[in-house]
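S.K.: Mind having a look at this structure? Questions to follow.
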Amino acid sequence: MNPTGLQVRLRQRAPIPLDATLACAPGELLALVGPSGSGKSTILRCIAGLHAAAEGAIHCNGETWFDAAAAANQPVQARRIGFVFQNYGLFPHLSALENVAAALGGLTLAEREARSRELLARVHLDGLERRKPAALSGGQQQRVAVARALARDPAVLLLDEPFSAVDQVTRRKLQQELARLRADLAIPMLLVTHDLDEARMLADRMVILHRGRTLQAGSPDEVMTRPASASIARLVGLHNLFEGTLTQDGGGLKLEWLGHRLDVARIAGQPGARVSWVIPPEGVLLHRRERPSRGEAENPIAGIVQDCLRLGPFTQIRLLPDGGSEPLAFSVPTHVAERNDIAPGAPARVTLLAGSIHLMPWEAPAETRGE
């Protein structure tokens, strides 16, 4: 057992199936990502002491909070948890100052007020201490909730989709504030989110959950560009997911796909083996019509533009490769798309960067497996 940080191992069959193992170091922000019903919030409730799993254990900084085998289960108040809920969870009849002070114990009235003011100032709410929740915006209410969560000097900070109830502009501001705030927090932090961009922006590591099981843990970039399986690639929304076959080529292996023999930077296996493979959009480079650039001889693929969508400074393109039935998705600056006459039905060529192609064990398509 690690004497510092949080270690969690949980198993149960009902009401939400769980078979999850995770760890979070002091000062680390770990994002729990997965579809609805995957057990993300249930794991937070178990850590907080609001639910006890049938099996498993939870340890924090060398202290046992829960151990099903030893019948040990510390109550909520003994765990020093800071919990920020999706719906804020503020007392409507109390002011912002009083909401924060309600989480403080063992202090005099004057000390509680001083500490509450300090915490509200830390989340940029100084001057609004006397307002009740109804007189605060959604973003301001969430800041009060964060201040209250920090009031108990928590050993762990739990954030259950904390920004989902606010508008997009406020959401970005709160994300930036959390990024600044966490720099001063030397405690494990767990963030439940459906937003992969949010996880990628804020988290040091992320855990992919599906049906209560932890499928992969790693840095956001690692999980998003090198998923452990095709199932995980689908869960994180990677579009460029294909099937191919390993083939011998000279003294090494290549990936055979649609009649092409693709170079892959990291490749291993037996010739003839079927594989699933993925390439992130940034690994697909559009060839210039008139003046090819260096590197464009690497894994060249020709096709027809299936559709393109201009989104301000960038244009999303889906290219149907010659002989293929599934498009390659990628983006280019809009001025590049215009200069190269990118339009539905137009021919185009791209490079697939060998260092961006990631191979995985072959899996049948989701519809074949009944998912």
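How things are named: the first chain in the structure tokens is A, the next is B, and so on; residues count from 1 in each chain; ligands count from 1 in the order shown.
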Return as a PDB file with N, CA, C and O atoms, in the first residue's frame the full set of residues in segment 183-305 of chain A whose backbone-based DSSP assignment is helix (DSSP H, G or I).

M.R.:
```
ATOM      1  N   ALA A 183      -2.878  24.173  -8.756  1.00  0.00           N
ATOM      2  CA  ALA A 183      -1.424  24.316  -8.627  1.00  0.00           C
ATOM      3  C   ALA A 183      -1.011  24.459  -7.175  1.00  0.00           C
ATOM      4  O   ALA A 183       0.125  24.137  -6.803  1.00  0.00           O
ATOM      5  N   ASP A 184      -1.936  24.929  -6.322  1.00  0.00           N
ATOM      6  CA  ASP A 184      -1.637  25.133  -4.904  1.00  0.00           C
ATOM      7  C   ASP A 184      -2.152  23.996  -4.031  1.00  0.00           C
ATOM      8  O   ASP A 184      -2.055  24.061  -2.800  1.00  0.00           O
ATOM      9  N   LEU A 196     -14.344  15.042 -23.119  1.00  0.00           N
ATOM     10  CA  LEU A 196     -12.968  14.614 -23.343  1.00  0.00           C
ATOM     11  C   LEU A 196     -12.014  15.793 -23.491  1.00  0.00           C
ATOM     12  O   LEU A 196     -10.864  15.730 -23.066  1.00  0.00           O
ATOM     13  N   ASP A 197     -12.490  16.884 -24.081  1.00  0.00           N
ATOM     14  CA  ASP A 197     -11.652  18.075 -24.197  1.00  0.00           C
ATOM     15  C   ASP A 197     -11.326  18.620 -22.806  1.00  0.00           C
ATOM     16  O   ASP A 197     -10.206  19.074 -22.549  1.00  0.00           O
ATOM     17  N   GLU A 198     -12.311  18.594 -21.919  1.00  0.00           N
ATOM     18  CA  GLU A 198     -12.101  19.047 -20.548  1.00  0.00           C
ATOM     19  C   GLU A 198     -11.072  18.162 -19.845  1.00  0.00           C
ATOM     20  O   GLU A 198     -10.165  18.662 -19.165  1.00  0.00           O
ATOM     21  N   ALA A 199     -11.206  16.848 -20.008  1.00  0.00           N
ATOM     22  CA  ALA A 199     -10.248  15.929 -19.394  1.00  0.00           C
ATOM     23  C   ALA A 199      -8.844  16.166 -19.936  1.00  0.00           C
ATOM     24  O   ALA A 199      -7.851  16.168 -19.196  1.00  0.00           O
ATOM     25  N   ARG A 200      -8.764  16.375 -21.243  1.00  0.00           N
ATOM     26  CA  ARG A 200      -7.457  16.581 -21.882  1.00  0.00           C
ATOM     27  C   ARG A 200      -6.824  17.886 -21.406  1.00  0.00           C
ATOM     28  O   ARG A 200      -5.603  17.985 -21.253  1.00  0.00           O
ATOM     29  N   MET A 201      -7.650  18.877 -21.148  1.00  0.00           N
ATOM     30  CA  MET A 201      -7.172  20.191 -20.747  1.00  0.00           C
ATOM     31  C   MET A 201      -6.713  20.217 -19.287  1.00  0.00           C
ATOM     32  O   MET A 201      -5.700  20.828 -18.952  1.00  0.00           O
ATOM     33  N   LEU A 202      -7.443  19.532 -18.403  1.00  0.00           N
ATOM     34  CA  LEU A 202      -7.225  19.686 -16.971  1.00  0.00           C
ATOM     35  C   LEU A 202      -6.466  18.546 -16.311  1.00  0.00           C
ATOM     36  O   LEU A 202      -5.788  18.749 -15.300  1.00  0.00           O
ATOM     37  N   PRO A 220      -3.795  11.870 -20.837  1.00  0.00           N
ATOM     38  CA  PRO A 220      -4.842  12.090 -21.837  1.00  0.00           C
ATOM     39  C   PRO A 220      -4.352  11.888 -23.266  1.00  0.00           C
ATOM     40  O   PRO A 220      -5.030  11.264 -24.079  1.00  0.00           O
ATOM     41  N   ASP A 221      -3.158  12.389 -23.576  1.00  0.00           N
ATOM     42  CA  ASP A 221      -2.647  12.226 -24.937  1.00  0.00           C
ATOM     43  C   ASP A 221      -2.398  10.766 -25.264  1.00  0.00           C
ATOM     44  O   ASP A 221      -2.658  10.305 -26.385  1.00  0.00           O
ATOM     45  N   GLU A 222      -1.884  10.009 -24.299  1.00  0.00           N
ATOM     46  CA  GLU A 222      -1.625   8.596 -24.525  1.00  0.00           C
ATOM     47  C   GLU A 222      -2.918   7.841 -24.799  1.00  0.00           C
ATOM     48  O   GLU A 222      -3.017   7.052 -25.749  1.00  0.00           O
ATOM     49  N   VAL A 223      -3.943   8.077 -23.969  1.00  0.00           N
ATOM     50  CA  VAL A 223      -5.209   7.369 -24.130  1.00  0.00           C
ATOM     51  C   VAL A 223      -5.893   7.769 -25.436  1.00  0.00           C
ATOM     52  O   VAL A 223      -6.476   6.928 -26.130  1.00  0.00           O
ATOM     53  N   MET A 224      -5.802   9.052 -25.799  1.00  0.00           N
ATOM     54  CA  MET A 224      -6.504   9.542 -26.983  1.00  0.00           C
ATOM     55  C   MET A 224      -5.804   9.177 -28.293  1.00  0.00           C
ATOM     56  O   MET A 224      -6.438   9.105 -29.334  1.00  0.00           O
ATOM     57  N   THR A 225      -4.489   8.962 -28.249  1.00  0.00           N
ATOM     58  CA  THR A 225      -3.773   8.643 -29.486  1.00  0.00           C
ATOM     59  C   THR A 225      -3.303   7.202 -29.543  1.00  0.00           C
ATOM     60  O   THR A 225      -3.035   6.679 -30.624  1.00  0.00           O
ATOM     61  N   ALA A 230      -9.656  -1.381 -29.659  1.00  0.00           N
ATOM     62  CA  ALA A 230     -10.614  -0.705 -30.529  1.00  0.00           C
ATOM     63  C   ALA A 230     -11.838  -0.247 -29.745  1.00  0.00           C
ATOM     64  O   ALA A 230     -12.427   0.793 -30.053  1.00  0.00           O
ATOM     65  N   SER A 231     -12.222  -1.016 -28.736  1.00  0.00           N
ATOM     66  CA  SER A 231     -13.369  -0.622 -27.901  1.00  0.00           C
ATOM     67  C   SER A 231     -13.106   0.713 -27.218  1.00  0.00           C
ATOM     68  O   SER A 231     -13.987   1.581 -27.158  1.00  0.00           O
ATOM     69  N   ILE A 232     -11.893   0.892 -26.701  1.00  0.00           N
ATOM     70  CA  ILE A 232     -11.547   2.156 -26.045  1.00  0.00           C
ATOM     71  C   ILE A 232     -11.498   3.281 -27.073  1.00  0.00           C
ATOM     72  O   ILE A 232     -11.947   4.402 -26.806  1.00  0.00           O
ATOM     73  N   ALA A 233     -10.976   2.990 -28.257  1.00  0.00           N
ATOM     74  CA  ALA A 233     -10.951   3.999 -29.321  1.00  0.00           C
ATOM     75  C   ALA A 233     -12.359   4.499 -29.604  1.00  0.00           C
ATOM     76  O   ALA A 233     -12.584   5.698 -29.803  1.00  0.00           O
ATOM     77  N   ARG A 234     -13.328   3.586 -29.639  1.00  0.00           N
ATOM     78  CA  ARG A 234     -14.722   3.990 -29.872  1.00  0.00           C
ATOM     79  C   ARG A 234     -15.248   4.809 -28.689  1.00  0.00           C
ATOM     80  O   ARG A 234     -15.964   5.804 -28.883  1.00  0.00           O
ATOM     81  N   LEU A 235     -14.921   4.397 -27.473  1.00  0.00           N
ATOM     82  CA  LEU A 235     -15.424   5.099 -26.288  1.00  0.00           C
ATOM     83  C   LEU A 235     -14.930   6.539 -26.229  1.00  0.00           C
ATOM     84  O   LEU A 235     -15.650   7.426 -25.756  1.00  0.00           O
ATOM     85  N   PRO A 281      -6.633  12.637 -36.130  1.00  0.00           N
ATOM     86  CA  PRO A 281      -6.751  13.579 -37.255  1.00  0.00           C
ATOM     87  C   PRO A 281      -5.464  14.344 -37.543  1.00  0.00           C
ATOM     88  O   PRO A 281      -5.149  14.618 -38.709  1.00  0.00           O
ATOM     89  N   GLU A 282      -4.693  14.643 -36.480  1.00  0.00           N
ATOM     90  CA  GLU A 282      -3.461  15.406 -36.708  1.00  0.00           C
ATOM     91  C   GLU A 282      -2.381  14.578 -37.403  1.00  0.00           C
ATOM     92  O   GLU A 282      -1.365  15.126 -37.842  1.00  0.00           O
ATOM     93  N   GLY A 283      -2.595  13.252 -37.518  1.00  0.00           N
ATOM     94  CA  GLY A 283      -1.651  12.399 -38.234  1.00  0.00           C
ATOM     95  C   GLY A 283      -1.954  12.284 -39.718  1.00  0.00           C
ATOM     96  O   GLY A 283      -1.248  11.570 -40.442  1.00  0.00           O
TER      97      GLY A 283
END
```

S.K.: Write out as a CSV table (one decimal) with N, CA, C and O atoms, in the first residue's frame all residues of segment 56-230 of chain A that backbone DSSP assigns to strand (DSSP E or B).

M.R.:
```csv
chain,number,residue,atom,x,y,z
A,56,GLY,N,-13.6,-4.9,-1.9
A,56,GLY,CA,-12.6,-4.0,-2.2
A,56,GLY,C,-12.1,-3.2,-1.0
A,56,GLY,O,-12.4,-3.5,0.1
A,57,ALA,N,-11.3,-2.2,-1.3
A,57,ALA,CA,-10.7,-1.4,-0.3
A,57,ALA,C,-10.4,0.0,-0.8
A,57,ALA,O,-10.1,0.2,-2.0
A,58,ILE,N,-10.3,1.0,0.1
A,58,ILE,CA,-10.0,2.4,-0.2
A,58,ILE,C,-9.0,2.8,0.9
A,58,ILE,O,-9.2,2.8,2.1
A,59,HIS,N,-7.8,3.3,0.4
A,59,HIS,CA,-6.7,3.8,1.3
A,59,HIS,C,-6.4,5.2,0.9
A,59,HIS,O,-6.2,5.5,-0.3
A,60,CYS,N,-6.1,6.0,1.9
A,60,CYS,CA,-5.7,7.4,1.6
A,60,CYS,C,-4.6,7.8,2.5
A,60,CYS,O,-4.8,7.7,3.8
A,63,GLU,N,-3.9,5.5,5.4
A,63,GLU,CA,-5.0,5.2,6.3
A,63,GLU,C,-6.1,4.4,5.5
A,63,GLU,O,-6.4,4.7,4.4
A,64,THR,N,-6.7,3.4,6.2
A,64,THR,CA,-7.7,2.6,5.6
A,64,THR,C,-9.1,3.3,5.8
A,64,THR,O,-9.5,3.5,6.9
A,65,TRP,N,-9.7,3.7,4.7
A,65,TRP,CA,-11.1,4.3,4.8
A,65,TRP,C,-12.1,3.2,4.6
A,65,TRP,O,-13.2,3.3,5.2
A,66,PHE,N,-11.8,2.2,3.9
A,66,PHE,CA,-12.8,1.1,3.6
A,66,PHE,C,-12.0,-0.2,3.3
A,66,PHE,O,-11.1,-0.1,2.5
A,67,ASP,N,-12.5,-1.2,3.9
A,67,ASP,CA,-11.9,-2.6,3.6
A,67,ASP,C,-13.0,-3.6,3.8
A,67,ASP,O,-13.3,-3.9,5.0
A,72,ALA,N,-14.2,-2.9,7.7
A,72,ALA,CA,-13.8,-1.5,8.1
A,72,ALA,C,-14.5,-0.5,7.1
A,72,ALA,O,-14.4,-0.7,5.9
A,73,ASN,N,-15.1,0.5,7.7
A,73,ASN,CA,-15.8,1.5,6.9
A,73,ASN,C,-15.9,2.8,7.7
A,73,ASN,O,-16.8,2.9,8.5
A,81,ILE,N,-13.3,14.7,3.2
A,81,ILE,CA,-13.5,14.7,1.7
A,81,ILE,C,-14.0,16.1,1.4
A,81,ILE,O,-14.9,16.7,2.0
A,82,GLY,N,-13.5,16.7,0.3
A,82,GLY,CA,-14.1,17.9,-0.3
A,82,GLY,C,-14.8,17.4,-1.5
A,82,GLY,O,-14.2,16.8,-2.4
A,83,PHE,N,-16.1,17.7,-1.6
A,83,PHE,CA,-17.0,17.1,-2.7
A,83,PHE,C,-17.7,18.3,-3.3
A,83,PHE,O,-18.4,19.0,-2.7
A,84,VAL,N,-17.5,18.4,-4.6
A,84,VAL,CA,-18.2,19.4,-5.4
A,84,VAL,C,-19.2,18.7,-6.3
A,84,VAL,O,-18.8,17.9,-7.2
A,156,VAL,N,-8.8,14.7,0.1
A,156,VAL,CA,-9.1,14.4,-1.3
A,156,VAL,C,-10.1,15.3,-1.8
A,156,VAL,O,-11.1,15.6,-1.0
A,157,LEU,N,-10.0,15.8,-3.0
A,157,LEU,CA,-11.0,16.6,-3.6
A,157,LEU,C,-11.7,15.9,-4.7
A,157,LEU,O,-11.1,15.4,-5.7
A,158,LEU,N,-13.1,15.7,-4.6
A,158,LEU,CA,-13.9,15.0,-5.6
A,158,LEU,C,-14.7,16.0,-6.4
A,158,LEU,O,-15.5,16.8,-5.7
A,159,LEU,N,-14.7,16.0,-7.7
A,159,LEU,CA,-15.5,16.9,-8.5
A,159,LEU,C,-16.3,16.1,-9.5
A,159,LEU,O,-15.8,15.4,-10.4
A,160,ASP,N,-17.7,16.1,-9.2
A,160,ASP,CA,-18.6,15.3,-10.0
A,160,ASP,C,-19.3,16.2,-11.1
A,160,ASP,O,-20.3,16.9,-10.8
A,189,MET,N,-6.9,14.7,-6.6
A,189,MET,CA,-8.1,15.3,-7.1
A,189,MET,C,-8.7,14.4,-8.2
A,189,MET,O,-8.0,14.0,-9.1
A,190,LEU,N,-10.0,14.1,-8.0
A,190,LEU,CA,-10.7,13.2,-9.0
A,190,LEU,C,-11.8,14.0,-9.7
A,190,LEU,O,-12.6,14.6,-9.0
A,191,LEU,N,-11.8,14.0,-11.0
A,191,LEU,CA,-12.8,14.8,-11.8
A,191,LEU,C,-13.6,13.8,-12.6
A,191,LEU,O,-13.0,13.1,-13.5
A,192,VAL,N,-14.9,13.8,-12.4
A,192,VAL,CA,-15.8,13.0,-13.3
A,192,VAL,C,-16.3,14.0,-14.4
A,192,VAL,O,-16.8,15.1,-14.2
A,193,THR,N,-16.1,13.5,-15.7
A,193,THR,CA,-16.6,14.4,-16.8
A,193,THR,C,-16.9,13.5,-18.0
A,193,THR,O,-16.4,12.4,-18.2
A,205,ARG,N,-3.8,12.6,-15.6
A,205,ARG,CA,-4.1,11.3,-16.2
A,205,ARG,C,-5.6,11.1,-16.3
A,205,ARG,O,-6.3,11.8,-15.6
A,206,MET,N,-6.0,10.1,-17.1
A,206,MET,CA,-7.4,9.8,-17.2
A,206,MET,C,-7.6,8.3,-17.1
A,206,MET,O,-6.8,7.5,-17.6
A,207,VAL,N,-8.8,7.9,-16.6
A,207,VAL,CA,-9.2,6.5,-16.5
A,207,VAL,C,-10.4,6.4,-17.4
A,207,VAL,O,-11.4,7.1,-17.2
A,208,ILE,N,-10.4,5.4,-18.3
A,208,ILE,CA,-11.6,5.1,-19.1
A,208,ILE,C,-12.4,4.0,-18.4
A,208,ILE,O,-11.8,2.9,-18.1
A,209,LEU,N,-13.6,4.3,-18.2
A,209,LEU,CA,-14.5,3.3,-17.5
A,209,LEU,C,-15.7,2.9,-18.5
A,209,LEU,O,-16.2,3.7,-19.3
A,210,HIS,N,-16.0,1.6,-18.4
A,210,HIS,CA,-17.1,1.2,-19.2
A,210,HIS,C,-17.8,0.0,-18.5
A,210,HIS,O,-17.1,-1.0,-18.1
A,213,ARG,N,-16.0,-1.1,-15.3
A,213,ARG,CA,-14.7,-1.6,-15.4
A,213,ARG,C,-13.7,-0.5,-15.8
A,213,ARG,O,-14.0,0.3,-16.7
A,214,THR,N,-12.5,-0.5,-15.2
A,214,THR,CA,-11.4,0.4,-15.7
A,214,THR,C,-10.7,-0.3,-16.8
A,214,THR,O,-10.2,-1.4,-16.7
A,215,LEU,N,-10.8,0.3,-18.0
A,215,LEU,CA,-10.3,-0.3,-19.2
A,215,LEU,C,-8.8,0.2,-19.5
A,215,LEU,O,-8.0,-0.6,-20.0
A,216,GLN,N,-8.5,1.5,-19.2
A,216,GLN,CA,-7.2,2.0,-19.5
A,216,GLN,C,-7.0,3.2,-18.6
A,216,GLN,O,-7.9,4.0,-18.4
A,217,ALA,N,-5.7,3.4,-18.2
A,217,ALA,CA,-5.3,4.6,-17.5
A,217,ALA,C,-4.0,5.1,-18.1
A,217,ALA,O,-3.2,4.3,-18.4
A,218,GLY,N,-3.9,6.4,-18.2
A,218,GLY,CA,-2.7,7.0,-18.7
A,218,GLY,C,-2.9,8.5,-18.9
A,218,GLY,O,-3.9,9.0,-18.6
```

S.K.: Find the residues around Val169 of chain A up to 10 Å (only C-alpha atoms counted), leave out those fewer than 4 positions away in its own chain, and share them as a list in words.

M.R.: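 Counting only the stated atoms, we get Gly139, Lys173 and Leu174 of chain A.
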
S.K.: Need the shell around segment 320-336 of chain A: protein/DNA/RNA residues with any atom at most 12 Å away, counting only C-alpha atoms. Skip same-chain ones fewer than 5 positions apart. Format as a short mmCIF file (atom, residue, chain, number, x, y, z; two decimals) with N, CA, C and O atoms, in the first residue's frame?

M.R.:
```cif
data_model
loop_
_atom_site.label_atom_id
_atom_site.label_comp_id
_atom_site.auth_asym_id
_atom_site.auth_seq_id
_atom_site.Cartn_x
_atom_site.Cartn_y
_atom_site.Cartn_z
N GLY A 237 -14.23 8.29 -28.82
CA GLY A 237 -14.70 9.01 -30.00
C GLY A 237 -13.70 9.17 -31.12
O GLY A 237 -13.80 10.13 -31.90
N LEU A 238 -12.74 8.25 -31.23
CA LEU A 238 -11.78 8.33 -32.34
C LEU A 238 -12.44 7.83 -33.61
O LEU A 238 -12.94 6.70 -33.66
N HIS A 239 -12.44 8.65 -34.64
CA HIS A 239 -13.17 8.33 -35.87
C HIS A 239 -12.36 7.48 -36.85
O HIS A 239 -12.91 6.66 -37.57
N ASN A 240 -11.06 7.70 -36.90
CA ASN A 240 -10.23 7.02 -37.90
C ASN A 240 -9.81 5.64 -37.38
O ASN A 240 -8.64 5.38 -37.10
N LEU A 241 -10.79 4.76 -37.27
CA LEU A 241 -10.58 3.41 -36.76
C LEU A 241 -10.84 2.42 -37.89
O LEU A 241 -11.95 2.37 -38.45
N PHE A 242 -9.84 1.63 -38.23
CA PHE A 242 -9.93 0.74 -39.39
C PHE A 242 -9.39 -0.64 -39.05
O PHE A 242 -8.85 -0.87 -37.97
N GLU A 243 -9.51 -1.54 -40.02
CA GLU A 243 -8.95 -2.88 -39.90
C GLU A 243 -7.91 -3.08 -41.00
O GLU A 243 -8.04 -2.54 -42.11
N GLY A 244 -6.88 -3.87 -40.69
CA GLY A 244 -5.85 -4.16 -41.68
C GLY A 244 -5.20 -5.50 -41.37
O GLY A 244 -5.62 -6.22 -40.46
N TRP A 257 -3.56 -2.29 -46.12
CA TRP A 257 -4.89 -1.68 -45.99
C TRP A 257 -5.31 -1.13 -47.35
O TRP A 257 -4.59 -0.32 -47.94
N LEU A 258 -6.41 -1.61 -47.86
CA LEU A 258 -6.97 -1.15 -49.14
C LEU A 258 -5.94 -1.22 -50.27
O LEU A 258 -5.87 -0.34 -51.13
N GLY A 259 -5.13 -2.28 -50.25
CA GLY A 259 -4.13 -2.44 -51.30
C GLY A 259 -2.85 -1.67 -51.07
O GLY A 259 -1.90 -1.78 -51.85
N HIS A 260 -2.79 -0.86 -50.01
CA HIS A 260 -1.58 -0.10 -49.68
C HIS A 260 -0.76 -0.87 -48.64
O HIS A 260 -1.31 -1.57 -47.80
N VAL A 278 -5.68 2.78 -35.66
CA VAL A 278 -6.28 4.10 -35.54
C VAL A 278 -5.21 5.14 -35.83
O VAL A 278 -4.02 4.91 -35.60
N ILE A 279 -5.66 6.27 -36.36
CA ILE A 279 -4.76 7.41 -36.57
C ILE A 279 -5.51 8.67 -36.18
O ILE A 279 -6.64 8.89 -36.61
N PRO A 280 -4.94 9.52 -35.32
CA PRO A 280 -5.63 10.75 -34.93
C PRO A 280 -5.68 11.72 -36.11
O PRO A 280 -4.85 11.63 -37.04
N PRO A 281 -6.63 12.64 -36.13
CA PRO A 281 -6.75 13.58 -37.25
C PRO A 281 -5.46 14.34 -37.54
O PRO A 281 -5.15 14.62 -38.71
N GLU A 282 -4.69 14.64 -36.48
CA GLU A 282 -3.46 15.41 -36.71
C GLU A 282 -2.38 14.58 -37.40
O GLU A 282 -1.36 15.13 -37.84
N GLY A 283 -2.60 13.25 -37.52
CA GLY A 283 -1.65 12.40 -38.23
C GLY A 283 -1.95 12.28 -39.72
O GLY A 283 -1.25 11.57 -40.44
N VAL A 284 -3.02 12.97 -40.18
CA VAL A 284 -3.41 12.96 -41.59
C VAL A 284 -3.08 14.32 -42.19
O VAL A 284 -3.61 15.35 -41.76
N LEU A 285 -2.19 14.34 -43.18
CA LEU A 285 -1.73 15.60 -43.78
C LEU A 285 -2.22 15.71 -45.22
O LEU A 285 -2.02 14.79 -46.02
N LEU A 286 -2.81 16.82 -45.54
CA LEU A 286 -3.30 17.06 -46.90
C LEU A 286 -2.14 17.43 -47.83
O LEU A 286 -1.31 18.27 -47.49
N HIS A 287 -2.08 16.78 -49.01
CA HIS A 287 -1.09 17.15 -50.02
C HIS A 287 -1.50 18.45 -50.70
O HIS A 287 -2.67 18.66 -51.00
N ARG A 288 -0.52 19.28 -50.98
CA ARG A 288 -0.78 20.49 -51.76
C ARG A 288 -0.85 20.12 -53.23
O ARG A 288 -0.05 19.31 -53.72
N ARG A 289 -1.78 20.72 -53.93
CA ARG A 289 -2.00 20.35 -55.33
C ARG A 289 -0.80 20.66 -56.21
O ARG A 289 -0.39 19.85 -57.03
N PRO A 300 1.23 7.69 -48.90
CA PRO A 300 0.26 8.52 -49.63
C PRO A 300 -1.03 7.76 -49.91
O PRO A 300 -1.01 6.58 -50.28
N ILE A 301 -2.16 8.43 -49.72
CA ILE A 301 -3.48 7.83 -49.95
C ILE A 301 -4.29 8.80 -50.80
O ILE A 301 -4.40 9.99 -50.48
N ALA A 302 -4.88 8.29 -51.88
CA ALA A 302 -5.73 9.11 -52.74
C ALA A 302 -7.19 8.78 -52.49
O ALA A 302 -7.54 7.67 -52.07
N GLY A 303 -8.07 9.76 -52.70
CA GLY A 303 -9.49 9.53 -52.50
C GLY A 303 -10.33 10.69 -52.99
O GLY A 303 -9.82 11.61 -53.65
N ILE A 304 -11.59 10.64 -52.64
CA ILE A 304 -12.55 11.68 -53.01
C ILE A 304 -13.09 12.31 -51.74
O ILE A 304 -13.44 11.61 -50.77
N VAL A 305 -13.18 13.65 -51.73
CA VAL A 305 -13.73 14.35 -50.57
C VAL A 305 -15.22 14.00 -50.45
O VAL A 305 -16.01 14.27 -51.35
N GLN A 306 -15.56 13.36 -49.34
CA GLN A 306 -16.96 12.98 -49.12
C GLN A 306 -17.76 14.19 -48.65
O GLN A 306 -18.86 14.44 -49.13
N ASP A 307 -17.22 14.91 -47.71
CA ASP A 307 -17.84 16.17 -47.29
C ASP A 307 -16.81 17.01 -46.58
O ASP A 307 -15.76 16.53 -46.15
N CYS A 308 -17.09 18.30 -46.47
CA CYS A 308 -16.22 19.21 -45.74
C CYS A 308 -17.09 20.25 -45.03
O CYS A 308 -18.14 20.65 -45.55
N LEU A 309 -16.67 20.64 -43.85
CA LEU A 309 -17.45 21.56 -43.03
C LEU A 309 -16.55 22.66 -42.52
O LEU A 309 -15.58 22.40 -41.80
N ARG A 310 -16.86 23.89 -42.90
CA ARG A 310 -16.06 25.02 -42.44
C ARG A 310 -16.53 25.44 -41.06
O ARG A 310 -17.70 25.73 -40.83
N LEU A 311 -15.58 25.47 -40.12
CA LEU A 311 -15.85 25.91 -38.75
C LEU A 311 -14.87 27.03 -38.41
O LEU A 311 -13.84 26.81 -37.78
N GLY A 312 -15.19 28.23 -38.88
CA GLY A 312 -14.32 29.37 -38.64
C GLY A 312 -12.97 29.18 -39.30
O GLY A 312 -12.88 28.93 -40.50
N PRO A 313 -11.89 29.25 -38.52
CA PRO A 313 -10.55 29.18 -39.12
C PRO A 313 -10.14 27.79 -39.59
O PRO A 313 -9.11 27.63 -40.23
N PHE A 314 -10.93 26.76 -39.22
CA PHE A 314 -10.59 25.40 -39.63
C PHE A 314 -11.73 24.77 -40.43
O PHE A 314 -12.89 25.12 -40.25
N THR A 315 -11.36 23.84 -41.31
CA THR A 315 -12.33 23.10 -42.10
C THR A 315 -12.15 21.61 -41.82
O THR A 315 -11.02 21.08 -41.95
N ASP A 341 -8.80 23.88 -53.32
CA ASP A 341 -10.10 23.59 -53.95
C ASP A 341 -10.80 22.38 -53.32
O ASP A 341 -11.36 21.53 -54.02
N ILE A 342 -10.75 22.30 -51.99
CA ILE A 342 -11.40 21.20 -51.29
C ILE A 342 -12.91 21.44 -51.29
O ILE A 342 -13.40 22.46 -50.82
N ALA A 343 -13.65 20.47 -51.86
CA ALA A 343 -15.11 20.54 -51.93
C ALA A 343 -15.63 19.12 -52.09
O ALA A 343 -14.91 18.22 -52.54
N PRO A 344 -16.88 18.86 -51.72
CA PRO A 344 -17.44 17.51 -51.90
C PRO A 344 -17.30 17.04 -53.35
O PRO A 344 -17.61 17.78 -54.29
N GLY A 345 -16.77 15.81 -53.51
CA GLY A 345 -16.58 15.24 -54.84
C GLY A 345 -15.23 15.51 -55.45
O GLY A 345 -14.89 14.92 -56.49
N ALA A 346 -14.43 16.39 -54.84
CA ALA A 346 -13.12 16.73 -55.39
C ALA A 346 -12.10 15.65 -55.04
O ALA A 346 -12.13 15.10 -53.94
N PRO A 347 -11.17 15.35 -55.95
CA PRO A 347 -10.10 14.41 -55.62
C PRO A 347 -9.08 15.07 -54.70
O PRO A 347 -8.85 16.28 -54.75
N ALA A 348 -8.46 14.26 -53.85
CA ALA A 348 -7.44 14.79 -52.94
C ALA A 348 -6.52 13.65 -52.53
O ALA A 348 -6.87 12.47 -52.63
N ARG A 349 -5.34 14.03 -52.07
CA ARG A 349 -4.37 13.05 -51.58
C ARG A 349 -3.90 13.48 -50.19
O ARG A 349 -3.77 14.68 -49.92
N VAL A 350 -3.64 12.49 -49.34
CA VAL A 350 -3.15 12.77 -48.00
C VAL A 350 -1.99 11.84 -47.69
O VAL A 350 -1.77 10.83 -48.35
N THR A 351 -1.24 12.21 -46.66
CA THR A 351 -0.20 11.37 -46.08
C THR A 351 -0.69 10.88 -44.72
O THR A 351 -1.29 11.65 -43.95
N LEU A 352 -0.44 9.61 -44.42
CA LEU A 352 -0.69 9.07 -43.09
C LEU A 352 0.67 8.92 -42.41
O LEU A 352 1.49 8.09 -42.82
#
```

S.K.: Return the single residue from A:Gly27, A:Pro17, A:Pro92, A:Gly34 that is closest to Glu55 of chain A, with distances computed using only C-alpha atoms.

M.R.: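 Ranked by minimum distance to Glu55 of chain A, first place goes to A:Pro17.
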
S.K.: Which residue gives the smallest distance to Ser164 of chain A among A:Pro188, A:Asn87, A:Asp126, A:Leu120, with only C-alpha atoms counted?

M.R.: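 Of the candidates, the smallest distance to Ser164 of chain A is held by A:Asn87.
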
S.K.: Which residue, A:Gly269, A:Val264, A:Ala149, A:Gln248, has the smallest gap to Ser356 of chain A when you use only C-alpha atoms?

M.R.: A:Val264

S.K.: Excluding Arg122 of chain A and any residue of its chain fewer than 3 positions from it, enumerate the residues within 10 Å of it, using only C-alpha atoms, and give them as a VMD selection string.

M.R.: chain A and resid 116 to 119 125 to 126 143 146 to 147 177 181
